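Have a look at work-v4.txt below; it lists compact mmCIF, C-alpha atoms.
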# COMPACT_ATOMS: atom_id res chain seq x y z
CA MET A 1 0.00 0.00 0.00
CA ARG A 2 2.84 2.40 0.79
CA ASN A 3 4.06 2.18 -2.81
CA GLN A 4 0.56 2.90 -4.13
CA VAL A 5 0.31 5.97 -1.91
CA LEU A 6 3.79 7.10 -3.01
CA GLU A 7 2.78 6.76 -6.66
CA ILE A 8 -0.33 8.88 -6.09
CA LEU A 9 1.65 11.54 -4.22
CA SER A 10 4.38 11.61 -6.87
CA ASP A 11 1.81 12.07 -9.63
CA ILE A 12 0.23 15.00 -7.78
CA ALA A 13 3.45 16.74 -6.73
CA PRO A 14 6.40 15.31 -8.69
CA SER A 15 8.90 17.86 -7.35
CA VAL A 16 8.39 16.84 -3.70
CA ASP A 17 10.59 14.16 -2.12
CA PHE A 18 7.90 12.25 -0.24
CA GLU A 19 10.24 9.50 0.91
CA SER A 20 12.63 11.81 2.77
CA SER A 21 10.41 14.49 4.31
CA ASN A 22 8.60 14.22 7.63
CA THR A 23 7.28 17.77 7.59
CA LEU A 24 5.51 18.06 4.23
CA ALA A 25 2.59 20.15 5.47
CA ASP A 26 4.44 21.93 8.28
CA ASP A 27 7.11 23.18 5.88
CA GLY A 28 4.65 24.10 3.13
CA LEU A 29 5.97 21.50 0.69
CA ILE A 30 2.32 20.60 0.15
CA ASP A 31 -0.43 23.18 0.55
CA SER A 32 -4.15 22.87 1.20
CA PHE A 33 -4.95 22.56 -2.51
CA THR A 34 -2.46 19.69 -2.81
CA ILE A 35 -3.97 18.01 0.25
CA VAL A 36 -7.44 18.24 -1.32
CA ASN A 37 -6.05 16.57 -4.46
CA ILE A 38 -4.39 13.87 -2.36
CA ILE A 39 -7.64 13.19 -0.52
CA ALA A 40 -9.55 12.93 -3.80
CA GLU A 41 -7.06 10.48 -5.28
CA LEU A 42 -6.92 8.38 -2.10
CA SER A 43 -10.71 8.21 -2.14
CA ILE A 44 -10.71 6.94 -5.71
CA GLU A 45 -7.83 4.49 -5.26
CA PHE A 46 -8.72 3.05 -1.87
CA GLY A 47 -12.43 3.79 -1.50
CA VAL A 48 -11.94 5.78 1.70
CA SER A 49 -13.55 8.98 2.84
CA VAL A 50 -11.34 11.31 4.86
CA PRO A 51 -13.40 13.01 7.57
CA PHE A 52 -12.81 16.72 8.13
CA GLU A 53 -11.33 16.10 11.59
CA GLU A 54 -8.63 13.89 10.02
CA ILE A 55 -7.39 16.70 7.78
CA SER A 56 -4.42 17.88 9.81
CA ASN A 57 -0.74 18.51 9.30
CA GLU A 58 -0.01 15.51 11.50
CA ASN A 59 -1.80 13.17 9.06
CA PHE A 60 -0.22 14.75 5.97
CA ASN A 61 3.37 15.44 7.07
CA SER A 62 4.92 12.29 5.63
CA LEU A 63 4.40 9.37 3.31
CA ASP A 64 4.15 7.10 6.34
CA SER A 65 1.54 9.26 8.10
CA ILE A 66 -0.59 9.42 4.95
CA THR A 67 -0.28 5.65 4.48
CA ALA A 68 -1.23 5.09 8.14
CA LEU A 69 -4.26 7.33 7.68
CA VAL A 70 -5.43 5.31 4.69
CA GLN A 71 -4.91 2.02 6.53
CA ARG A 72 -6.81 3.29 9.56
CA LEU A 73 -9.71 4.52 7.41
CA MET A 74 -9.86 1.24 5.51
CA ASN A 75 -10.15 -0.66 8.80
CA GLU A 76 -13.08 1.42 10.07
Just give me the structure as structure tokens.
Amino acid sequence: MRNQVLEILSDIAPSVDFESSNTLADDGLIDSFTIVNIIAELSIEFGVSVPFEEISNENFNSLDSITALVQRLMNE
């Protein structure tokens, strides 16, 4: 799943190094528009709906945090 998420993220923002950064949202490497695009693509790919309260920098700061969010939502 991590590789699928990485592929989605790389398609949306090819200039961002998602594998190395742990502060994507905090540092402004991805902005709110990018996060909306990520959410839309994750919804299509994995059939998950990201609740408003889950949209936080903590959940979108790294590849691993985004992957963990998807896994958690799939298990609900």
I want to know what sits within 12 Å of region 44-52 of chain A, based on all atoms listed in the file, with residues of the same chain fewer than 2 positions away left out; could you give that as a ChimeraX atom specification?
/A:1-2,4-5,7-9,35-42,54-56,59-60,66-67,69-76
Give me the residues near Asn22 (chain A) as a PyMOL selection string, where near means some atom within 8 Å (using all atoms listed in the file) and where sequence neighbours in that chain fewer than 3 positions away do not count.
chain A and resi 61-63
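For the choices A:Ile12, A:Leu6, A:Asn57, A:Ala68, the atom-to-atom distance to Thr34 (chain A) is smallest for A:Ile12 when using all atoms listed in the file.
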Distance of CA of Ser10 (chain A) from CA of Leu24 (chain A), expressed in Å to one decimal place
12.9 Å
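Put simply, CA of Glu19 (chain A) is 25.0 Å away from CA of Glu53 (chain A).
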Can you measure CA of Asp17 (chain A) to CA of Asp64 (chain A) for me? One decimal in Å is fine.
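If I compute the distance from CA of Asp17 (chain A) to CA of Asp64 (chain A), I get 12.8 Å.
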Which neighbours of Glu58 (chain A) fall inside 9 Å, counting all atoms listed in the file, when residues of the same chain fewer than 5 positions from it are skipped, and could you give them as a ChimeraX atom specification?
/A:23,25-26,65-66
